[in-house]
Amino acid sequence: MSATEPTAPDPVDAFADRIFASALGAFETLSVHLGDRLDWYRILAERGSLTSSELAEAAETGERYTREWLEHQAVSGILAVDDPDAEASARRYSLPPAHAEVLTDDESLAYLAPIARIVASAAAQLPGLLDAARTGGGVPWASFGKDMRDAQGDINRPWFDRELAGALASVPELDAVLSRPGARILDVGCGHGWSSLALARAYPEAVVDGVDLDGPSIEAARAHAEDAELADRVTFHLGGGETLAEEDAYDAAFVFEALHDMPNPVDVLAALRRVVRDDGAVVIMDEAVAERFAPDGDGVERVMYGYSLLVCLPDSLSTPGSVGTGTVMRQATLEGYARSAGFTSAEVLPIEGFAAFRFTRLHP
């Protein structure tokens with residue numbers, strides 16, 4: 001070995017550094033959750049540079065906790081501080097505009113504050129997750145609480161509001177189906193209804209039915225439809241997709257990022273096969289994970305496994321007899337479900353702008 005040749009890093013030290021970096025990220029994510037839920041970020045974005053006392057008064061929070069959070073955020077590079085050498089009570093902190101967009105602008109495609117809520121909600125269920133892992137049981141969606149439910153809707157809303165119309169219009173055959181006068185569109189697993197409302201705005205001659213098993217989500221979706229003045233064309237129903245029975249009733253049906261959560265996906269797809277006309281369209285939008293498992297997965301693969309382990313798989317397995325798909329639903333798995341449900345083929349649509357998702361049209 002030459003004198004100038006670098007020494008290979010010790011594998012123990014390298015892995016220890018990785019775990020330490022992960023711990024830093026975990027602490028920062030949970031601190032983002034605090035800033036989001038306590039309105040600290042929003043107030044800083046609106047008012048500019050503030051001291052800990054000023055922020056605590058505006059947010060109605062304890063000054064000592066507020067000051068510790070501000071210092072943590074500055075040390076972590078999330079907030080800027082005007083004069084680091086000033087007395088602690090006199091330091092003024094601000095939220096840089098780029099950071100404000102990511103943490104407070106719920107219309108931005110870069111909005112990521114909800115992901116901190118998702119992580120925090122999952123962490124709160126760790127005792128139940130530990131028990132489920134030991135017994136093979138599950139943790140139902142309702143157990144994750146309001147923060148999880150709202151965050152799931154909020155994280156996807158900007159994409160539906162800003163990108164869905166253009167994405168669907170970019171596929172002429174699909175756009176033609178959705179543009180039929182009086183078209184009936186079904187949205188299964190609609191959650192807070194943002195996808196249903198986006199469909200209605202994109203296709204003003206259509207009527208849309210949203211279906212979901214979660215009662216509070218359906219209530220929220222109905223309120224959103226009223227606020228958007230779309231309740232005359234968008235209605236929401238409590239129930240599972242497998243219970244749909246009105247044959248040939250719809251021109252199109254969508255399942256947006258929900259099929260992998262369903263305990264009986266083949267039954268749901270079979271129901272869609274019945275209720276959508278043969279000249280209609282059935283489209284599944286789900287995670288754009290790799291075609292097959294590999295240990296060197298990219299960021300999409302890693303985050304989807306995180307969702308699966310902590311949220312989606314436990315939710316699915318909370319239903320007896322669930323197939324337990326999990327968030328990482330490979331394309332071959334989806335196509336296998338489709339064949340079992342009576343579809344003859346599956347076509348991945350050439351849709352751009354949804355980098356983390358794949359749109360698949362199922363053909364009868």
# chains A, B, ... in the order shown; residues from 1 in each chain; ligands from 1
>>> select_by_dssp(residues="range 89-217 of chain A", states="strand (DSSP E)", output="PyMOL selection string")
chain A and resi 93-94+184-188+207-212
>>> closest_residue(among="A:Arg302, A:Arg358, A:Arg233, A:His363", to="Ala288 in chain A", atoms="only C-alpha atoms")
A:Arg358
>>> residues_around(residues="range 207-216 of chain A", least_positions_apart="2", cutoff="8 Å", atoms="only C-alpha atoms", output="PyMOL selection string")
chain A and resi 142+182-191+193+196+199-200+205+218-220+233-241
>>> closest_residue(among="A:Tyr337, A:Phe20, A:Tyr93, A:Trp69", to="Arg47 in chain A", atoms="only C-alpha atoms")
A:Tyr93
>>> atom_distance(atom1="CA of Ser318 in chain A", atom2="CA of Ser121 in chain A")
17.0 Å
>>> residues_around(residues="Ala98 in chain A", least_positions_apart="2", cutoff="12 Å", atoms="only C-alpha atoms", output="PyMOL selection string")
chain A and resi 45+78-80+94-96+100-105+108+110-111
>>> select_by_dssp(residues="range 165-281 of chain A", states="alpha helix (DSSP H)", output="number ranges by chain")
A: 165-169, 172-178, 194-202, 215-227, 265-275
>>> residues_around(residues="His192 in chain A", least_positions_apart="4", cutoff="8 Å", atoms="only C-alpha atoms", output="MDAnalysis selection string")
chainID A and resid 150 153 217:218 220:221 224
>>> write_last_selection(atoms="all heavy atoms", output="PDB file, in the first residue's frame")
ATOM      1  N   ASP A 150     -55.688  13.028   8.353  1.00  0.00           N
ATOM      2  CA  ASP A 150     -55.607  14.331   7.702  1.00  0.00           C
ATOM      3  C   ASP A 150     -54.307  14.477   6.918  1.00  0.00           C
ATOM      4  O   ASP A 150     -54.287  15.058   5.822  1.00  0.00           O
ATOM      5  CB  ASP A 150     -55.716  15.444   8.733  1.00  0.00           C
ATOM      6  CG  ASP A 150     -57.087  15.524   9.381  1.00  0.00           C
ATOM      7  OD1 ASP A 150     -58.016  14.847   8.893  1.00  0.00           O
ATOM      8  OD2 ASP A 150     -57.236  16.264  10.370  1.00  0.00           O
ATOM      9  N   GLY A 153     -54.426  12.829   3.532  1.00  0.00           N
ATOM     10  CA  GLY A 153     -55.117  13.662   2.557  1.00  0.00           C
ATOM     11  C   GLY A 153     -54.299  14.866   2.142  1.00  0.00           C
ATOM     12  O   GLY A 153     -54.204  15.201   0.949  1.00  0.00           O
ATOM     13  N   SER A 217     -63.199  10.138   7.248  1.00  0.00           N
ATOM     14  CA  SER A 217     -62.710  10.611   5.952  1.00  0.00           C
ATOM     15  C   SER A 217     -63.861  10.978   5.037  1.00  0.00           C
ATOM     16  O   SER A 217     -63.801  11.994   4.325  1.00  0.00           O
ATOM     17  CB  SER A 217     -61.829   9.551   5.288  1.00  0.00           C
ATOM     18  OG  SER A 217     -60.627   9.361   6.006  1.00  0.00           O
ATOM     19  N   ILE A 218     -64.909  10.187   5.046  1.00  0.00           N
ATOM     20  CA  ILE A 218     -66.077  10.493   4.211  1.00  0.00           C
ATOM     21  C   ILE A 218     -66.732  11.785   4.675  1.00  0.00           C
ATOM     22  O   ILE A 218     -67.140  12.631   3.856  1.00  0.00           O
ATOM     23  CB  ILE A 218     -67.078   9.320   4.239  1.00  0.00           C
ATOM     24  CG1 ILE A 218     -66.520   8.140   3.436  1.00  0.00           C
ATOM     25  CG2 ILE A 218     -68.433   9.744   3.691  1.00  0.00           C
ATOM     26  CD1 ILE A 218     -66.363   8.397   1.951  1.00  0.00           C
ATOM     27  N   ALA A 220     -65.228  14.303   6.114  1.00  0.00           N
ATOM     28  CA  ALA A 220     -64.346  15.383   5.661  1.00  0.00           C
ATOM     29  C   ALA A 220     -64.499  15.619   4.168  1.00  0.00           C
ATOM     30  O   ALA A 220     -64.533  16.770   3.709  1.00  0.00           O
ATOM     31  CB  ALA A 220     -62.891  15.042   6.001  1.00  0.00           C
ATOM     32  N   ALA A 221     -64.598  14.539   3.398  1.00  0.00           N
ATOM     33  CA  ALA A 221     -64.747  14.677   1.946  1.00  0.00           C
ATOM     34  C   ALA A 221     -66.026  15.417   1.589  1.00  0.00           C
ATOM     35  O   ALA A 221     -66.036  16.275   0.682  1.00  0.00           O
ATOM     36  CB  ALA A 221     -64.730  13.293   1.290  1.00  0.00           C
ATOM     37  N   HIS A 224     -65.467  19.038   2.172  1.00  0.00           N
ATOM     38  CA  HIS A 224     -64.621  19.617   1.129  1.00  0.00           C
ATOM     39  C   HIS A 224     -65.431  19.859  -0.147  1.00  0.00           C
ATOM     40  O   HIS A 224     -65.223  20.865  -0.842  1.00  0.00           O
ATOM     41  CB  HIS A 224     -63.442  18.689   0.817  1.00  0.00           C
ATOM     42  CG  HIS A 224     -62.521  18.468   1.974  1.00  0.00           C
ATOM     43  ND1 HIS A 224     -62.234  19.445   2.905  1.00  0.00           N
ATOM     44  CD2 HIS A 224     -61.800  17.366   2.344  1.00  0.00           C
ATOM     45  CE1 HIS A 224     -61.387  18.961   3.797  1.00  0.00           C
ATOM     46  NE2 HIS A 224     -61.117  17.708   3.482  1.00  0.00           N
TER      47      HIS A 224
END
>>> closest_residue(among="A:Ala151, A:Leu230, A:Ala116, A:Ala133", to="Val32 in chain A", atoms="only C-alpha atoms")
A:Ala116
